[in-house]
Amino acid sequence: MARQYLAFGEEEKAKELTLIAAKALAPLNEALIPHDLRALIKDRPTGENLLKEILNLGQEVVTIRDNKDLVRHIISTVNRITGAERGAIFLFEDKENPEKLVLRASKNLTSDQIADRSFASSMKMIGEVARAGKGRILGMSSEKDLPSPANEIIRSRICVPMILRDKTVGVLYHDNRLLGSAFKEPDLELLSYFAALAAFGLDNAKAYEEIKKLNRKLSEETLYYKEEHLQGLHFEDIVGESPVIKKVLSQVDQVTGTDATVMIVGETGVGKELVARAIHRHSPRSDKAFIRVHCSALPESLIPSELFGHEKGAFTGATRRRIGRFELADGGSLFLDEIGDLGLDIQVRLLRVLQTKEFERVGGSETLRSDFRLVVATNRDLEKEVKAQNFRADLYYRLAVFPIYVPPLRDRKEDIPLLAYYFLKIYSQKRGKNFSKIPDSDMERLFQYDWPGNVRELENIIERGTILNAGPLFRVPEFGVEHQGLSTSRKGVTLRENERRHILWMLDKTGWKVRGPGGAAELLDLPPSTLAFRMKKLGIQRPSKSSPSRKN
């Protein structure tokens with residue numbers, strides 16, 4: 001009935017009837033009062049209440065940082081204070097057409113309603129206010145071209161320009177479809193104040209967004225800068241800023257000036273050899289040779305010949321004299337990788353060399369002397385191996401003069417971005433490609449993974465990605481958790497079994513191709529002969545064509 005009174009222009013009767021209904025409905029549930037009739041009975045704030053509303057809005061405008069939240073809050077506040085039913089903010093934001101006003105935000109007013117022909121006179125008013133820079137009020141009495149009965153009737157309108165630094169940046173528009181005289185002349189002044197606040201607040205929020213963008217860009221540039229200068233900030237290829245890796249670097253710095261034997265402990269793929277090379281390069285022996293022996297890659301029968309050398313005719317196939325690694329390392333550094341894999345008989349001979357620095361070639365009688373600095377590495381718990389009598393206690397204590405523990409990648413995940421961009425730079429240059437960045441979603445995948453293969457696995461993934469990606473964005477290829485064979489828990493799985501699973505998974509991915517480009521040896525960063533030896537030692541055999549591929 002109240003709506004019928006409004007349709008015939010009898011606002012007082014509509015108000016009286018709505019007030020009676022509201023008194024009955026409010027105690028039950030205020031939401032029962034029709035939304036479009038609330039403007040009839042709601043008192044507009046005046047005096048101190050109005051001043052309080054204005055001050056509150058002024059404070060909120062400078063504290064709300066999100067553009068969308070800010071404009072919605074401004075429109076809702078103005079609707080409440082002025083008694084408007086709907087509101088909108090239009091801004092000059094179209095870069096291709098600077099004179100075009102674009103809907104920025106609205107309350108109770110949809111884009112479809114704005115596009116409707118019944119809103120055409122309002123859009124005309126909005127354009128005139130924006131061009132003239134002066135606010136206007138329109139009521140039914142001043143509307144010459146009333147809309148047809150089929151269309152929605154807007155009975156009251158008010159519109160003021162949003163001016164910032166003497167320039168009109170948009171307009172603040174409000175209307176009422178119920179009351180023909182909802183807005184008064186004093187509302188223009190009040191709304192102009194709100195429009196100025198809105199312009200200032202939006203400009204402030206826009207500046208805040210720009211600062212956020214600049215900060216993000218600066219963060220990316222800082223990351224790139226760190227990656228670019230890693231050689232100057234770190235020990236060669238040891239990349240990282242985490243506390244645990246800084247501890248490793250500190251230990252390297254402490255021991256480089258001495259000749260003490262160093263034992264590097266850590267899982268496969270953590271970068272033990274990089275630590276060993278860093279120790280050598282920053283030691284007084286840096287101008288001499290760095291000789292590496294991968295103990296687990298050599299059959300036990302060949303280890304004495306590799307370490308001590310052999311004379312011509314010492315055994316079948318020894319057609320010439322061979323200089324051993326101890327002899328080659330004279331004056332420099334000798335790195336024995338995976339020393340825990342040495343047999344007990346070789347351990348006895350190694351202990352003698354460490355005590356005297358003297359040895360004989362296999363099949364020879366001449367005593368040779370070599371002055372080398374020894375660095376060893378292992379992925380085993382040698383203390384447990386000593387208790388199990390798999391490793392000599394006297395050799396262990398001779399080797400463990402200065403132990404350095406290199407943490408697994410899962411314990412230093414904050415270094416993943418630096419490592420990823422470091423490897424990306426190396427392999428993108430090799431491929432002749434240019435990648436701008438790694439998307440945040442892809443970086444998050446790297447963070448979520450457990451990295452059983454550690455840094456070496458990350459390097460292989462990035463290298464594979466440079467082959468698969470064209471750029472400019474670098475998309476991380478499938479890895480790890482996408483492959484069920486590597487997503488199982490470590491609990492109860494030995495390091496040997498973990499290594500076996502990892503090699504089997506890589507072989508399966510390469511179609512059991514061991515050597516050559518794209519082969520398992522290349523992706524695992526191992527010499528083909530080393531991989532073949534590890535496969536034999538771990539009991540890995542290529543399945544026959546008739547049997548299914550091994551997945552364990």
# chains A, B, ... in the order shown; residues from 1 in each chain; ligands from 1
>>> select_by_dssp(residues="range 231-277 of chain A", states="strand (DSSP E or B)", output="list of chain:residue names")
A:Val262, A:Met263, A:Ile264, A:Val265
>>> write_last_selection(atoms="N, CA and C atoms", output="compact mmCIF listing (two decimals), in the first residue's frame")
# COMPACT_ATOMS: atom_id res chain seq x y z
N VAL A 262 89.32 -32.32 6.85
CA VAL A 262 87.92 -31.93 6.97
C VAL A 262 87.03 -33.09 6.54
N MET A 263 86.00 -33.36 7.37
CA MET A 263 85.01 -34.36 7.00
C MET A 263 83.67 -33.66 6.75
N ILE A 264 83.18 -33.75 5.52
CA ILE A 264 81.91 -33.12 5.13
C ILE A 264 80.83 -34.19 5.15
N VAL A 265 79.79 -33.95 5.93
CA VAL A 265 78.72 -34.93 6.11
C VAL A 265 77.41 -34.35 5.57
>>> closest_atom_pairs(of="range 155-268 of chain A", to="range 281-289 of chain A", cutoff="8 Å", atoms="only C-alpha atoms", output="Markdown table")
| residue | atom | partner | partner_atom | distance |
| --- | --- | --- | --- | --- |
| A:Thr256 | CA | A:Ser283 | CA | 4.8 |
| A:Gly257 | CA | A:Ser283 | CA | 5.4 |
| A:Thr258 | CA | A:Ser283 | CA | 7.4 |
>>> closest_residue(among="A:Pro452, A:Gly309, A:Gly343, A:Gly519", to="Ser296 in chain A", atoms="only C-alpha atoms")
A:Gly343
>>> residues_around(residues="range 315-327 of chain A", least_positions_apart="4", cutoff="8 Å", atoms="only C-alpha atoms", output="list of chain:residue names")
A:Ile291, A:Arg292, A:Val293, A:Ser305, A:Glu306, A:Leu307, A:Phe308, A:Gly309, A:His310, A:Glu311, A:Leu334, A:Arg361, A:Gly363, A:Leu368, A:Arg369, A:Ser370, A:Phe372
>>> residues_around(residues="Asn434 in chain A", least_positions_apart="2", cutoff="8 Å", atoms="only C-alpha atoms", output="ChimeraX atom specification")
/A:428-429,432,436,471-472
>>> write_last_selection(atoms="C-alpha atoms", output="PDB file, in the first residue's frame")
ATOM      1  CA  SER A 428      69.207 -20.416 -19.920  1.00  0.00           C
ATOM      2  CA  GLN A 429      72.557 -19.056 -21.108  1.00  0.00           C
ATOM      3  CA  GLY A 432      70.475 -19.356 -25.576  1.00  0.00           C
ATOM      4  CA  SER A 436      62.033 -13.064 -17.146  1.00  0.00           C
ATOM      5  CA  GLY A 471      59.913 -18.203 -22.346  1.00  0.00           C
ATOM      6  CA  PRO A 472      59.639 -15.489 -21.291  1.00  0.00           C
TER       7      PRO A 472
END
>>> select_by_dssp(residues="range 422-456 of chain A", states="helix (DSSP H, G or I)", output="ChimeraX atom specification")
/A:422-431,440-448,454-456
>>> write_last_selection(atoms="C-alpha atoms", output="compact mmCIF listing (two decimals), in the first residue's frame")
# COMPACT_ATOMS: atom_id res chain seq x y z
CA TYR A 422 71.01 -19.24 -10.02
CA PHE A 423 70.51 -22.46 -12.00
CA LEU A 424 68.03 -20.74 -14.33
CA LYS A 425 70.67 -18.20 -15.31
CA ILE A 426 73.30 -20.89 -15.96
CA TYR A 427 71.13 -23.15 -18.10
CA SER A 428 69.21 -20.42 -19.92
CA GLN A 429 72.56 -19.06 -21.11
CA LYS A 430 73.57 -22.54 -22.25
CA ARG A 431 70.31 -22.90 -24.20
CA ASP A 440 54.83 -17.35 -7.79
CA SER A 441 52.61 -20.42 -8.25
CA ASP A 442 55.54 -22.42 -9.65
CA MET A 443 57.86 -21.19 -6.91
CA GLU A 444 55.27 -22.34 -4.36
CA ARG A 445 55.42 -25.84 -5.88
CA LEU A 446 59.18 -25.85 -5.29
CA PHE A 447 58.60 -24.80 -1.68
CA GLN A 448 56.03 -27.53 -1.05
CA ASN A 454 68.34 -32.15 -2.64
CA VAL A 455 70.08 -29.34 -4.58
CA ARG A 456 71.15 -31.67 -7.36
>>> closest_residue(among="A:Tyr208, A:Tyr397, A:Phe335, A:Phe90", to="Thr168 in chain A", atoms="only C-alpha atoms")
A:Phe90
>>> residues_around(residues="Thr110 in chain A", least_positions_apart="6", cutoff="12 Å", atoms="only C-alpha atoms", output="mmCIF file with C-alpha atoms, in the first residue's frame")
data_model
loop_
_atom_site.group_PDB
_atom_site.id
_atom_site.type_symbol
_atom_site.label_atom_id
_atom_site.label_comp_id
_atom_site.auth_asym_id
_atom_site.auth_seq_id
_atom_site.Cartn_x
_atom_site.Cartn_y
_atom_site.Cartn_z
ATOM 1 C CA ARG A 86 21.585 4.079 -4.510
ATOM 2 C CA GLY A 87 25.018 5.475 -5.269
ATOM 3 C CA ALA A 88 27.928 5.210 -7.669
ATOM 4 C CA LEU A 103 31.794 3.081 -13.471
ATOM 5 C CA ARG A 104 34.276 2.501 -10.653
ATOM 6 C CA ASP A 116 19.205 0.669 -19.314
ATOM 7 C CA PHE A 119 19.128 5.677 -16.651
#
>>> residues_around(residues="Val514 in chain A", least_positions_apart="5", cutoff="8 Å", atoms="only C-alpha atoms", output="NGL selection string")
:A and (507 or 519-521 or 528 or 531-532)
>>> write_last_selection(atoms="N, CA and C atoms", output="PDB file, in the first residue's frame")
ATOM      1  N   LEU A 507      65.571 -43.733 -14.309  1.00  0.00           N
ATOM      2  CA  LEU A 507      65.695 -44.667 -15.429  1.00  0.00           C
ATOM      3  C   LEU A 507      64.351 -44.876 -16.114  1.00  0.00           C
ATOM      4  N   GLY A 519      69.969 -38.805 -21.089  1.00  0.00           N
ATOM      5  CA  GLY A 519      70.048 -40.073 -20.374  1.00  0.00           C
ATOM      6  C   GLY A 519      70.018 -39.870 -18.873  1.00  0.00           C
ATOM      7  N   ALA A 520      69.829 -40.967 -18.137  1.00  0.00           N
ATOM      8  CA  ALA A 520      69.732 -40.896 -16.677  1.00  0.00           C
ATOM      9  C   ALA A 520      71.016 -40.361 -16.062  1.00  0.00           C
ATOM     10  N   ALA A 521      72.165 -40.736 -16.610  1.00  0.00           N
ATOM     11  CA  ALA A 521      73.440 -40.259 -16.052  1.00  0.00           C
ATOM     12  C   ALA A 521      73.552 -38.743 -16.152  1.00  0.00           C
ATOM     13  N   PRO A 528      78.527 -41.766 -16.690  1.00  0.00           N
ATOM     14  CA  PRO A 528      77.823 -43.015 -17.017  1.00  0.00           C
ATOM     15  C   PRO A 528      78.422 -44.234 -16.333  1.00  0.00           C
ATOM     16  N   LEU A 531      77.238 -44.318 -12.734  1.00  0.00           N
ATOM     17  CA  LEU A 531      75.857 -44.752 -12.620  1.00  0.00           C
ATOM     18  C   LEU A 531      75.756 -46.269 -12.837  1.00  0.00           C
ATOM     19  N   ALA A 532      76.502 -46.778 -13.827  1.00  0.00           N
ATOM     20  CA  ALA A 532      76.475 -48.222 -14.090  1.00  0.00           C
ATOM     21  C   ALA A 532      76.970 -48.998 -12.873  1.00  0.00           C
TER      22      ALA A 532
END
>>> residues_around(residues="Leu524 in chain A", least_positions_apart="2", cutoff="12 Å", atoms="only C-alpha atoms", output="ChimeraX atom specification")
/A:268-269,453-461,463-464,499,502-507,509-510,514-515,517-522,526-528,530-531,534
>>> write_last_selection(atoms="N, CA and C atoms", output="compact mmCIF listing (two decimals), in the first residue's frame")
# COMPACT_ATOMS: atom_id res chain seq x y z
N THR A 268 73.04 -37.28 -0.11
CA THR A 268 73.41 -37.21 -1.52
C THR A 268 72.75 -36.00 -2.18
N GLY A 269 73.54 -35.24 -2.92
CA GLY A 269 72.99 -34.11 -3.66
C GLY A 269 72.95 -32.79 -2.93
N GLY A 453 66.22 -35.60 -3.51
CA GLY A 453 67.47 -35.50 -4.25
C GLY A 453 68.23 -34.21 -3.98
N ASN A 454 67.68 -33.37 -3.10
CA ASN A 454 68.34 -32.15 -2.64
C ASN A 454 68.67 -31.17 -3.77
N VAL A 455 69.76 -30.42 -3.63
CA VAL A 455 70.08 -29.34 -4.58
C VAL A 455 70.31 -29.89 -5.98
N ARG A 456 70.89 -31.07 -6.04
CA ARG A 456 71.15 -31.67 -7.36
C ARG A 456 69.83 -31.92 -8.10
N GLU A 457 68.81 -32.36 -7.38
CA GLU A 457 67.52 -32.60 -8.00
C GLU A 457 66.89 -31.29 -8.48
N LEU A 458 67.02 -30.24 -7.67
CA LEU A 458 66.51 -28.93 -8.08
C LEU A 458 67.22 -28.44 -9.33
N GLU A 459 68.52 -28.62 -9.38
CA GLU A 459 69.29 -28.20 -10.56
C GLU A 459 68.82 -28.96 -11.80
N ASN A 460 68.60 -30.26 -11.66
CA ASN A 460 68.15 -31.06 -12.81
C ASN A 460 66.77 -30.63 -13.29
N ILE A 461 65.89 -30.28 -12.34
CA ILE A 461 64.54 -29.84 -12.71
C ILE A 461 64.60 -28.52 -13.47
N GLU A 463 67.18 -27.35 -15.15
CA GLU A 463 67.80 -27.60 -16.46
C GLU A 463 66.78 -28.20 -17.43
N ARG A 464 65.98 -29.16 -16.93
CA ARG A 464 64.95 -29.76 -17.79
C ARG A 464 63.94 -28.71 -18.23
N GLU A 499 68.24 -44.07 -2.46
CA GLU A 499 69.07 -43.88 -3.65
C GLU A 499 68.63 -44.82 -4.77
N HIS A 502 65.41 -43.60 -6.30
CA HIS A 502 65.62 -42.39 -7.12
C HIS A 502 66.23 -42.75 -8.48
N ILE A 503 67.19 -43.66 -8.47
CA ILE A 503 67.82 -44.09 -9.74
C ILE A 503 66.80 -44.82 -10.61
N LEU A 504 65.99 -45.70 -9.99
CA LEU A 504 64.95 -46.42 -10.74
C LEU A 504 63.94 -45.46 -11.35
N TRP A 505 63.55 -44.45 -10.57
CA TRP A 505 62.59 -43.46 -11.09
C TRP A 505 63.16 -42.72 -12.30
N MET A 506 64.44 -42.31 -12.20
CA MET A 506 65.06 -41.58 -13.30
C MET A 506 65.22 -42.47 -14.52
N LEU A 507 65.57 -43.73 -14.31
CA LEU A 507 65.69 -44.67 -15.43
C LEU A 507 64.35 -44.88 -16.11
N LYS A 509 61.94 -42.72 -16.23
CA LYS A 509 61.59 -41.50 -16.95
C LYS A 509 62.36 -41.36 -18.26
N THR A 510 63.56 -41.93 -18.32
CA THR A 510 64.38 -41.81 -19.53
C THR A 510 64.26 -43.05 -20.41
N VAL A 514 70.76 -44.85 -20.26
CA VAL A 514 71.76 -44.51 -19.24
C VAL A 514 72.71 -43.43 -19.74
N ARG A 515 73.22 -43.59 -20.95
CA ARG A 515 74.23 -42.68 -21.48
C ARG A 515 73.65 -41.71 -22.50
N PRO A 517 72.85 -37.72 -24.37
CA PRO A 517 71.98 -36.58 -24.05
C PRO A 517 70.60 -37.04 -23.60
N GLY A 518 70.13 -36.49 -22.51
CA GLY A 518 68.82 -36.86 -21.99
C GLY A 518 68.80 -38.18 -21.26
N GLY A 519 69.97 -38.81 -21.09
CA GLY A 519 70.05 -40.07 -20.37
C GLY A 519 70.02 -39.87 -18.87
N ALA A 520 69.83 -40.97 -18.14
CA ALA A 520 69.73 -40.90 -16.68
C ALA A 520 71.02 -40.36 -16.06
N ALA A 521 72.17 -40.74 -16.61
CA ALA A 521 73.44 -40.26 -16.05
C ALA A 521 73.55 -38.74 -16.15
N GLU A 522 73.14 -38.18 -17.29
CA GLU A 522 73.21 -36.73 -17.46
C GLU A 522 72.27 -36.04 -16.50
N LEU A 526 75.90 -37.57 -13.10
CA LEU A 526 76.88 -38.59 -12.77
C LEU A 526 77.56 -39.08 -14.06
N PRO A 527 78.82 -39.45 -13.99
CA PRO A 527 79.44 -40.10 -15.14
C PRO A 527 78.71 -41.41 -15.43
N PRO A 528 78.53 -41.77 -16.69
CA PRO A 528 77.82 -43.02 -17.02
C PRO A 528 78.42 -44.23 -16.33
N THR A 530 79.94 -44.31 -13.48
CA THR A 530 79.57 -44.26 -12.06
C THR A 530 78.15 -44.75 -11.86
N LEU A 531 77.24 -44.32 -12.73
CA LEU A 531 75.86 -44.75 -12.62
C LEU A 531 75.76 -46.27 -12.84
N ARG A 534 76.88 -47.93 -9.69
CA ARG A 534 75.89 -47.81 -8.62
C ARG A 534 74.70 -48.74 -8.88
>>> closest_residue(among="A:Lys247, A:Lys213, A:Arg392, A:Lys536", to="Leu298 in chain A", atoms="only C-alpha atoms")
A:Lys536
>>> decode(residues="range 412-502 of chain A", atoms="C-alpha atoms", output="PDB file, in the first residue's frame")
ATOM      1  CA  ARG A 412      66.856 -24.616   4.073  1.00  0.00           C
ATOM      2  CA  LYS A 413      63.854 -23.954   1.846  1.00  0.00           C
ATOM      3  CA  GLU A 414      64.333 -20.190   2.125  1.00  0.00           C
ATOM      4  CA  ASP A 415      67.303 -20.679  -0.242  1.00  0.00           C
ATOM      5  CA  ILE A 416      65.146 -22.230  -2.985  1.00  0.00           C
ATOM      6  CA  PRO A 417      64.448 -18.910  -4.844  1.00  0.00           C
ATOM      7  CA  LEU A 418      68.172 -18.017  -4.933  1.00  0.00           C
ATOM      8  CA  LEU A 419      69.121 -21.520  -6.071  1.00  0.00           C
ATOM      9  CA  ALA A 420      66.356 -21.674  -8.674  1.00  0.00           C
ATOM     10  CA  TYR A 421      67.315 -18.342 -10.259  1.00  0.00           C
ATOM     11  CA  TYR A 422      71.014 -19.241 -10.025  1.00  0.00           C
ATOM     12  CA  PHE A 423      70.507 -22.461 -11.999  1.00  0.00           C
ATOM     13  CA  LEU A 424      68.034 -20.738 -14.327  1.00  0.00           C
ATOM     14  CA  LYS A 425      70.674 -18.197 -15.306  1.00  0.00           C
ATOM     15  CA  ILE A 426      73.296 -20.888 -15.955  1.00  0.00           C
ATOM     16  CA  TYR A 427      71.128 -23.149 -18.103  1.00  0.00           C
ATOM     17  CA  SER A 428      69.207 -20.416 -19.920  1.00  0.00           C
ATOM     18  CA  GLN A 429      72.557 -19.056 -21.108  1.00  0.00           C
ATOM     19  CA  LYS A 430      73.572 -22.540 -22.255  1.00  0.00           C
ATOM     20  CA  ARG A 431      70.307 -22.895 -24.196  1.00  0.00           C
ATOM     21  CA  GLY A 432      70.475 -19.356 -25.576  1.00  0.00           C
ATOM     22  CA  LYS A 433      67.131 -18.468 -23.997  1.00  0.00           C
ATOM     23  CA  ASN A 434      65.902 -15.569 -21.897  1.00  0.00           C
ATOM     24  CA  PHE A 435      63.490 -16.063 -19.000  1.00  0.00           C
ATOM     25  CA  SER A 436      62.033 -13.064 -17.146  1.00  0.00           C
ATOM     26  CA  LYS A 437      60.908 -14.794 -13.945  1.00  0.00           C
ATOM     27  CA  ILE A 438      59.536 -17.892 -12.253  1.00  0.00           C
ATOM     28  CA  PRO A 439      55.804 -17.382 -11.477  1.00  0.00           C
ATOM     29  CA  ASP A 440      54.826 -17.355  -7.795  1.00  0.00           C
ATOM     30  CA  SER A 441      52.614 -20.425  -8.246  1.00  0.00           C
ATOM     31  CA  ASP A 442      55.540 -22.424  -9.652  1.00  0.00           C
ATOM     32  CA  MET A 443      57.858 -21.186  -6.909  1.00  0.00           C
ATOM     33  CA  GLU A 444      55.271 -22.339  -4.362  1.00  0.00           C
ATOM     34  CA  ARG A 445      55.420 -25.843  -5.875  1.00  0.00           C
ATOM     35  CA  LEU A 446      59.175 -25.846  -5.286  1.00  0.00           C
ATOM     36  CA  PHE A 447      58.603 -24.796  -1.681  1.00  0.00           C
ATOM     37  CA  GLN A 448      56.029 -27.530  -1.045  1.00  0.00           C
ATOM     38  CA  TYR A 449      58.264 -30.373  -2.268  1.00  0.00           C
ATOM     39  CA  ASP A 450      60.395 -32.462   0.146  1.00  0.00           C
ATOM     40  CA  TRP A 451      63.507 -32.686  -2.137  1.00  0.00           C
ATOM     41  CA  PRO A 452      64.827 -36.230  -1.599  1.00  0.00           C
ATOM     42  CA  GLY A 453      67.475 -35.498  -4.250  1.00  0.00           C
ATOM     43  CA  ASN A 454      68.344 -32.148  -2.638  1.00  0.00           C
ATOM     44  CA  VAL A 455      70.084 -29.344  -4.576  1.00  0.00           C
ATOM     45  CA  ARG A 456      71.149 -31.670  -7.360  1.00  0.00           C
ATOM     46  CA  GLU A 457      67.516 -32.602  -8.000  1.00  0.00           C
ATOM     47  CA  LEU A 458      66.509 -28.927  -8.076  1.00  0.00           C
ATOM     48  CA  GLU A 459      69.291 -28.201 -10.563  1.00  0.00           C
ATOM     49  CA  ASN A 460      68.153 -31.062 -12.806  1.00  0.00           C
ATOM     50  CA  ILE A 461      64.540 -29.840 -12.707  1.00  0.00           C
ATOM     51  CA  ILE A 462      65.554 -26.291 -13.656  1.00  0.00           C
ATOM     52  CA  GLU A 463      67.800 -27.605 -16.462  1.00  0.00           C
ATOM     53  CA  ARG A 464      64.954 -29.762 -17.791  1.00  0.00           C
ATOM     54  CA  GLY A 465      62.664 -26.734 -17.622  1.00  0.00           C
ATOM     55  CA  THR A 466      65.009 -24.656 -19.791  1.00  0.00           C
ATOM     56  CA  ILE A 467      64.721 -27.352 -22.451  1.00  0.00           C
ATOM     57  CA  LEU A 468      60.924 -27.561 -22.285  1.00  0.00           C
ATOM     58  CA  ASN A 469      60.142 -23.820 -21.913  1.00  0.00           C
ATOM     59  CA  ALA A 470      60.265 -21.219 -24.677  1.00  0.00           C
ATOM     60  CA  GLY A 471      59.913 -18.203 -22.346  1.00  0.00           C
ATOM     61  CA  PRO A 472      59.639 -15.489 -21.291  1.00  0.00           C
ATOM     62  CA  LEU A 473      58.021 -17.011 -18.151  1.00  0.00           C
ATOM     63  CA  PHE A 474      59.787 -20.061 -16.746  1.00  0.00           C
ATOM     64  CA  ARG A 475      57.299 -22.827 -15.966  1.00  0.00           C
ATOM     65  CA  VAL A 476      58.612 -25.533 -13.647  1.00  0.00           C
ATOM     66  CA  PRO A 477      58.097 -28.964 -15.266  1.00  0.00           C
ATOM     67  CA  GLU A 478      56.462 -31.896 -13.499  1.00  0.00           C
ATOM     68  CA  PHE A 479      58.548 -33.316 -10.690  1.00  0.00           C
ATOM     69  CA  GLY A 480      58.541 -34.895  -7.263  1.00  0.00           C
ATOM     70  CA  VAL A 481      55.074 -34.901  -5.780  1.00  0.00           C
ATOM     71  CA  GLU A 482      53.564 -35.202  -9.256  1.00  0.00           C
ATOM     72  CA  HIS A 483      55.306 -38.605  -9.407  1.00  0.00           C
ATOM     73  CA  GLN A 484      53.911 -41.019  -6.826  1.00  0.00           C
ATOM     74  CA  GLY A 485      57.139 -42.971  -6.644  1.00  0.00           C
ATOM     75  CA  LEU A 486      58.862 -40.099  -4.828  1.00  0.00           C
ATOM     76  CA  SER A 487      56.031 -38.776  -2.704  1.00  0.00           C
ATOM     77  CA  THR A 488      56.091 -41.549  -0.097  1.00  0.00           C
ATOM     78  CA  SER A 489      57.318 -40.932   3.430  1.00  0.00           C
ATOM     79  CA  ARG A 490      60.958 -41.372   4.350  1.00  0.00           C
ATOM     80  CA  LYS A 491      60.060 -43.148   7.583  1.00  0.00           C
ATOM     81  CA  GLY A 492      61.738 -46.536   7.707  1.00  0.00           C
ATOM     82  CA  VAL A 493      63.505 -46.107   4.329  1.00  0.00           C
ATOM     83  CA  THR A 494      67.300 -46.385   4.362  1.00  0.00           C
ATOM     84  CA  LEU A 495      69.543 -44.024   2.409  1.00  0.00           C
ATOM     85  CA  ARG A 496      70.555 -46.966   0.197  1.00  0.00           C
ATOM     86  CA  GLU A 497      66.912 -47.760  -0.598  1.00  0.00           C
ATOM     87  CA  ASN A 498      66.152 -44.076  -1.215  1.00  0.00           C
ATOM     88  CA  GLU A 499      69.071 -43.882  -3.654  1.00  0.00           C
ATOM     89  CA  ARG A 500      67.881 -47.065  -5.368  1.00  0.00           C
ATOM     90  CA  ARG A 501      64.333 -45.687  -5.762  1.00  0.00           C
ATOM     91  CA  HIS A 502      65.623 -42.395  -7.117  1.00  0.00           C
TER      92      HIS A 502
END
